[in-house]
file final_27.cif (mmCIF, C-alpha atoms)
data_model
#
loop_
_atom_site.group_PDB
_atom_site.id
_atom_site.type_symbol
_atom_site.label_atom_id
_atom_site.label_comp_id
_atom_site.auth_asym_id
_atom_site.auth_seq_id
_atom_site.Cartn_x
_atom_site.Cartn_y
_atom_site.Cartn_z
ATOM 1 C CA MET A 1 -2.402 -78.575 -36.836
ATOM 2 C CA LYS A 2 -0.805 -80.576 -33.999
ATOM 3 C CA GLN A 3 2.231 -81.243 -36.200
ATOM 4 C CA ALA A 4 2.671 -77.524 -36.818
ATOM 5 C CA VAL A 5 2.532 -76.742 -33.079
ATOM 6 C CA LYS A 6 5.101 -79.483 -32.361
ATOM 7 C CA ALA A 7 7.403 -78.172 -35.101
ATOM 8 C CA PHE A 8 6.949 -74.630 -33.837
ATOM 9 C CA ARG A 9 7.859 -75.682 -30.260
ATOM 10 C CA LEU A 10 10.892 -77.639 -31.478
ATOM 11 C CA ILE A 11 12.176 -74.715 -33.507
ATOM 12 C CA PHE A 12 11.923 -72.310 -30.571
ATOM 13 C CA LEU A 13 12.854 -74.664 -27.725
ATOM 14 C CA ALA A 14 15.860 -76.351 -29.359
ATOM 15 C CA PRO A 15 18.136 -73.250 -29.193
ATOM 16 C CA PHE A 16 17.105 -72.662 -25.567
ATOM 17 C CA ALA A 17 17.906 -76.295 -24.724
ATOM 18 C CA LEU A 18 21.299 -75.986 -26.440
ATOM 19 C CA VAL A 19 22.142 -72.876 -24.420
ATOM 20 C CA VAL A 20 21.140 -74.613 -21.173
ATOM 21 C CA LEU A 21 23.258 -77.666 -22.068
ATOM 22 C CA GLY A 22 26.163 -75.379 -22.976
ATOM 23 C CA VAL A 23 25.987 -73.560 -19.632
ATOM 24 C CA ILE A 24 25.777 -76.874 -17.743
ATOM 25 C CA TYR A 25 28.806 -78.244 -19.645
ATOM 26 C CA CYS A 26 30.859 -75.097 -18.966
ATOM 27 C CA GLU A 27 30.023 -75.091 -15.252
ATOM 28 C CA LEU A 28 30.836 -78.800 -14.860
ATOM 29 C CA ASN A 29 34.118 -78.333 -16.761
ATOM 30 C CA LYS A 30 35.104 -75.388 -14.516
ATOM 31 C CA ALA A 31 34.196 -77.392 -11.400
ATOM 32 C CA TYR A 32 36.366 -80.283 -12.633
ATOM 33 C CA TRP A 33 39.392 -78.037 -13.222
ATOM 34 C CA ASP A 34 38.877 -76.137 -9.949
ATOM 35 C CA HIS A 35 38.932 -79.476 -8.120
ATOM 36 C CA ARG A 36 42.104 -80.542 -9.979
ATOM 37 C CA ILE A 37 43.776 -77.210 -9.142
ATOM 38 C CA LYS A 38 42.846 -77.606 -5.476
ATOM 39 C CA GLU A 39 44.448 -81.085 -5.508
ATOM 40 C CA MET A 40 47.630 -79.798 -7.197
ATOM 41 C CA CYS A 41 47.850 -76.898 -4.725
ATOM 42 C CA GLU A 42 47.538 -79.281 -1.777
ATOM 43 C CA LYS A 43 50.079 -81.688 -3.270
ATOM 44 C CA ASN A 44 52.925 -79.316 -4.144
ATOM 45 C CA GLY A 45 51.706 -75.724 -4.070
ATOM 46 C CA GLY A 46 52.951 -73.094 -1.651
ATOM 47 C CA VAL A 47 56.370 -71.987 -0.505
ATOM 48 C CA THR A 48 59.453 -74.108 0.054
ATOM 49 C CA VAL A 49 62.337 -72.333 1.795
ATOM 50 C CA PHE A 50 65.629 -74.095 1.148
ATOM 51 C CA GLU A 51 67.811 -71.604 2.993
ATOM 52 C CA LYS A 52 67.052 -68.467 5.023
ATOM 53 C CA VAL A 53 69.565 -65.678 4.655
ATOM 54 C CA GLU A 54 70.150 -62.802 7.056
ATOM 55 C CA ILE A 55 71.848 -59.774 5.544
ATOM 56 C CA SER A 56 72.685 -56.231 6.511
ATOM 57 C CA LYS A 57 72.019 -53.209 4.346
ATOM 58 C CA ALA A 58 75.712 -52.317 4.645
ATOM 59 C CA ASP A 59 76.742 -55.629 3.024
ATOM 60 C CA TYR A 60 74.437 -55.079 0.060
ATOM 61 C CA PRO A 61 74.236 -51.343 -0.711
ATOM 62 C CA SER A 62 72.779 -51.979 -4.181
ATOM 63 C CA LEU A 63 69.829 -53.954 -2.778
ATOM 64 C CA LYS A 64 66.578 -52.039 -2.332
ATOM 65 C CA PHE A 65 64.030 -52.725 0.416
ATOM 66 C CA THR A 66 60.306 -52.123 0.887
ATOM 67 C CA SER A 67 59.023 -50.030 3.789
ATOM 68 C CA ASN A 68 58.314 -53.213 5.790
ATOM 69 C CA GLY A 69 61.890 -54.443 5.342
ATOM 70 C CA HIS A 70 61.486 -57.035 2.582
ATOM 71 C CA ALA A 71 64.168 -57.060 -0.079
ATOM 72 C CA ILE A 72 63.159 -56.108 -3.605
ATOM 73 C CA PHE A 73 64.621 -58.521 -6.125
ATOM 74 C CA PRO A 74 65.059 -57.754 -9.792
ATOM 75 C CA PRO A 75 64.012 -60.347 -12.363
ATOM 76 C CA GLU A 76 66.785 -62.529 -13.770
ATOM 77 C CA SER A 77 66.772 -60.518 -17.010
ATOM 78 C CA HIS A 78 67.698 -57.325 -15.069
ATOM 79 C CA ALA A 79 70.297 -58.905 -12.767
ATOM 80 C CA ASN A 80 73.906 -57.814 -13.176
ATOM 81 C CA GLN A 81 77.254 -58.376 -11.433
ATOM 82 C CA ASN A 82 76.220 -56.164 -8.500
ATOM 83 C CA THR A 83 72.908 -57.945 -7.940
ATOM 84 C CA PRO A 84 73.255 -60.339 -4.979
ATOM 85 C CA PHE A 85 69.830 -61.952 -5.442
ATOM 86 C CA TYR A 86 67.265 -62.114 -8.230
ATOM 87 C CA TYR A 87 64.055 -63.948 -8.975
ATOM 88 C CA THR A 88 62.994 -66.245 -11.769
ATOM 89 C CA PHE A 89 59.411 -66.716 -12.884
ATOM 90 C CA LYS A 90 58.096 -69.554 -15.033
ATOM 91 C CA THR A 91 54.583 -70.069 -16.354
ATOM 92 C CA GLU A 92 53.669 -73.490 -17.685
ATOM 93 C CA TYR A 93 50.349 -74.049 -19.443
ATOM 94 C CA LEU A 94 48.940 -77.381 -18.302
ATOM 95 C CA LYS A 95 45.917 -76.839 -20.549
ATOM 96 C CA LYS A 96 45.393 -74.197 -23.203
ATOM 97 C CA GLY A 97 41.956 -73.295 -24.396
ATOM 98 C CA SER A 98 38.797 -72.826 -22.478
ATOM 99 C CA PRO A 99 39.741 -72.897 -19.645
ATOM 100 C CA ASP A 100 43.461 -72.106 -19.459
ATOM 101 C CA VAL A 101 45.131 -74.012 -16.618
ATOM 102 C CA MET A 102 48.560 -72.771 -15.537
ATOM 103 C CA ARG A 103 51.365 -73.587 -13.119
ATOM 104 C CA PHE A 104 53.425 -70.666 -11.799
ATOM 105 C CA GLU A 105 56.844 -71.055 -10.217
ATOM 106 C CA GLN A 106 58.820 -68.170 -8.758
ATOM 107 C CA SER A 107 62.222 -68.643 -7.123
ATOM 108 C CA ILE A 108 64.675 -66.392 -5.300
ATOM 109 C CA ILE A 109 68.183 -67.150 -6.551
ATOM 110 C CA ARG A 110 71.515 -66.180 -4.953
ATOM 111 C CA SER A 111 73.688 -64.797 -7.752
ATOM 112 C CA LYS A 112 77.119 -65.967 -6.620
ATOM 113 C CA ASP A 113 76.305 -69.703 -6.655
ATOM 114 C CA LYS A 114 72.968 -69.749 -8.570
ATOM 115 C CA LYS A 115 71.352 -71.551 -5.628
ATOM 116 C CA ALA A 116 67.577 -71.338 -5.178
ATOM 117 C CA LEU A 117 66.849 -70.018 -1.684
ATOM 118 C CA SER A 118 63.079 -70.450 -1.899
ATOM 119 C CA THR A 119 60.403 -71.369 -4.399
ATOM 120 C CA HIS A 120 56.740 -70.432 -4.572
ATOM 121 C CA ILE A 121 54.472 -72.703 -6.664
ATOM 122 C CA SER A 122 50.887 -71.863 -7.523
ATOM 123 C CA TYR A 123 48.203 -73.093 -9.932
ATOM 124 C CA ALA A 124 45.333 -71.246 -11.581
ATOM 125 C CA ARG A 125 42.403 -71.575 -13.971
ATOM 126 C CA SER A 126 41.235 -68.737 -16.174
ATOM 127 C CA GLY A 127 38.073 -68.808 -18.253
ATOM 128 C CA GLY A 128 35.946 -71.764 -19.201
ATOM 129 C CA ASP A 129 32.738 -69.764 -18.861
ATOM 130 C CA PHE A 130 29.828 -69.916 -21.266
ATOM 131 C CA PRO A 131 30.502 -67.114 -23.767
ATOM 132 C CA ASP A 132 28.304 -64.125 -22.963
ATOM 133 C CA PHE A 133 30.569 -61.407 -24.418
ATOM 134 C CA ILE A 134 29.743 -58.949 -21.613
ATOM 135 C CA SER A 135 31.589 -60.202 -18.532
ATOM 136 C CA TYR A 136 35.178 -60.974 -17.677
ATOM 137 C CA PRO A 137 36.236 -64.618 -17.503
ATOM 138 C CA SER A 138 36.108 -66.229 -14.087
ATOM 139 C CA SER A 139 39.222 -67.635 -12.443
ATOM 140 C CA TYR A 140 40.317 -69.894 -9.612
ATOM 141 C CA SER A 141 43.718 -70.281 -7.947
ATOM 142 C CA CYS A 142 45.476 -71.643 -4.878
ATOM 143 C CA GLY A 143 44.240 -70.407 -1.542
ATOM 144 C CA ASP A 144 46.462 -68.630 0.987
ATOM 145 C CA THR A 145 48.747 -66.701 -1.362
ATOM 146 C CA GLU A 146 49.129 -63.744 1.001
ATOM 147 C CA ASN A 147 50.616 -65.938 3.738
ATOM 148 C CA ASP A 148 52.703 -67.787 1.109
ATOM 149 C CA LEU A 149 54.120 -64.511 -0.181
ATOM 150 C CA HIS A 150 54.975 -63.385 3.343
ATOM 151 C CA VAL A 151 56.958 -66.602 3.922
ATOM 152 C CA TYR A 152 58.509 -66.309 0.455
ATOM 153 C CA GLU A 153 59.547 -62.683 0.941
ATOM 154 C CA SER A 154 60.981 -63.382 4.404
ATOM 155 C CA THR A 155 63.538 -65.795 2.911
ATOM 156 C CA ILE A 156 66.001 -62.913 3.150
ATOM 157 C CA THR A 157 65.776 -60.757 6.261
ATOM 158 C CA ILE A 158 67.718 -57.722 7.413
ATOM 159 C CA MET A 159 69.865 -58.048 10.535
#

call {"tool": "encode", "arguments": {"input": "final_27.cif", "output": "structure tokens"}}
result
Amino acid sequence: MKQAVKAFRLIFLAPFALVVLGVIYCELNKAYWDHRIKEMCEKNGGVTVFEKVEISKADYPSLKFTSNGHAIFPPESHANQNTPFYYTFKTEYLKKGSPDVMRFEQSIIRSKDKKALSTHISYARSGGDFPDFISYPSSYSCGDTENDLHVYESTITIM
């Protein structure tokens, strides 16, 4: 009888133990990648402004501006001869799978000489959660993106 109780416990507790181990593994893996992303963000994430440009709306009639005065840049694929500035965006997968770990790089380019005026670099993790099929995957990314974007957008200002 004792053998039957032990077998019964093993049969019902083994799947529970596997789920617990799976959740622990997923959480430790996410914590590892979140730490790595934080390190990468501190090392080379954020905005680098190579050159600030002051322009007037009269000099660039084809350029559109937001209500707070920031220039709106088209992507490189939509730039034409009349486009003074455009942006490029690159996504590089540092790790594919669960989780996905990505590096994003966006640059403002001056059309006439193809010079990068500023670059914004960011890192992110998506997923890596224990599969529950009812919730969205968690994510983690670099910190102060709002301040970064303000610096990035102010690369070109209106005189």

call {"tool": "resolve_selection", "arguments": {"input": "final_27.cif", "expression": "the PyMOL selection byres ((chain A and resi 37) around 8)", "output": "PyMOL selection string"}}
result
chain A and resi 33-36+38-41+123-125+141-142

call {"tool": "residues_around", "arguments": {"input": "final_27.cif", "residues": "stretch 92-105 of chain A", "least_positions_apart": "5", "cutoff": "12 Å", "atoms": "all atoms listed in the file", "output": "VMD selection string"}}
result
chain A and resid 25 to 38 40 to 41 44 to 48 87 116 118 to 131 137 to 142 152

call {"tool": "resolve_selection", "arguments": {"input": "final_27.cif", "expression": "the PyMOL selection byres ((chain A and resi 63) around 8)", "output": "count of residues only"}}
result
11

call {"tool": "atom_distance", "arguments": {"input": "final_27.cif", "atom1": "atom CA of A:Ala4", "atom2": "atom CA of A:Leu21"}}
result
25.3 Å

call {"tool": "atom_distance", "arguments": {"input": "final_27.cif", "atom1": "atom CA of A:Thr155", "atom2": "atom CA of A:Lys52"}}
result
4.9 Å

call {"tool": "closest_residue", "arguments": {"input": "final_27.cif", "among": "A:Gln106, A:Ser111, A:Gln3, A:Thr88", "to": "A:Asp148", "atoms": "only C-alpha atoms"}}
result
A:Gln106

call {"tool": "closest_residue", "arguments": {"input": "final_27.cif", "among": "A:Ile134, A:Val49, A:Ala58, A:Leu18", "to": "A:Ile108", "atoms": "only C-alpha atoms"}}
result
A:Val49

call {"tool": "axis_aligned_box", "arguments": {"input": "final_27.cif", "around": "stretch 20-27 of chain A", "padding_each_side": "6 Å", "output": "lines of an AutoDock Vina configuration file"}}
result
center_x = 26.0
center_y = -75.9
center_z = -19.1
size_x = 21.7
size_y = 16.7
size_z = 19.7

call {"tool": "atom_distance", "arguments": {"input": "final_27.cif", "atom1": "atom CA of A:Glu76", "atom2": "atom CA of A:Lys114"}}
result
10.8 Å

call {"tool": "closest_residue", "arguments": {"input": "final_27.cif", "among": "A:Arg110, A:Ala7, A:Glu153, A:Ala14", "to": "A:Asn82", "atoms": "only C-alpha atoms"}}
result
A:Arg110

call {"tool": "closest_residue", "arguments": {"input": "final_27.cif", "among": "A:His78, A:Tyr86, A:Thr91, A:Asp132", "to": "A:Gly22", "atoms": "only C-alpha atoms"}}
result
A:Asp132

call {"tool": "closest_residue", "arguments": {"input": "final_27.cif", "among": "A:Gln81, A:Phe89, A:Glu42, A:Tyr136", "to": "A:Lys112", "atoms": "only C-alpha atoms"}}
result
A:Gln81
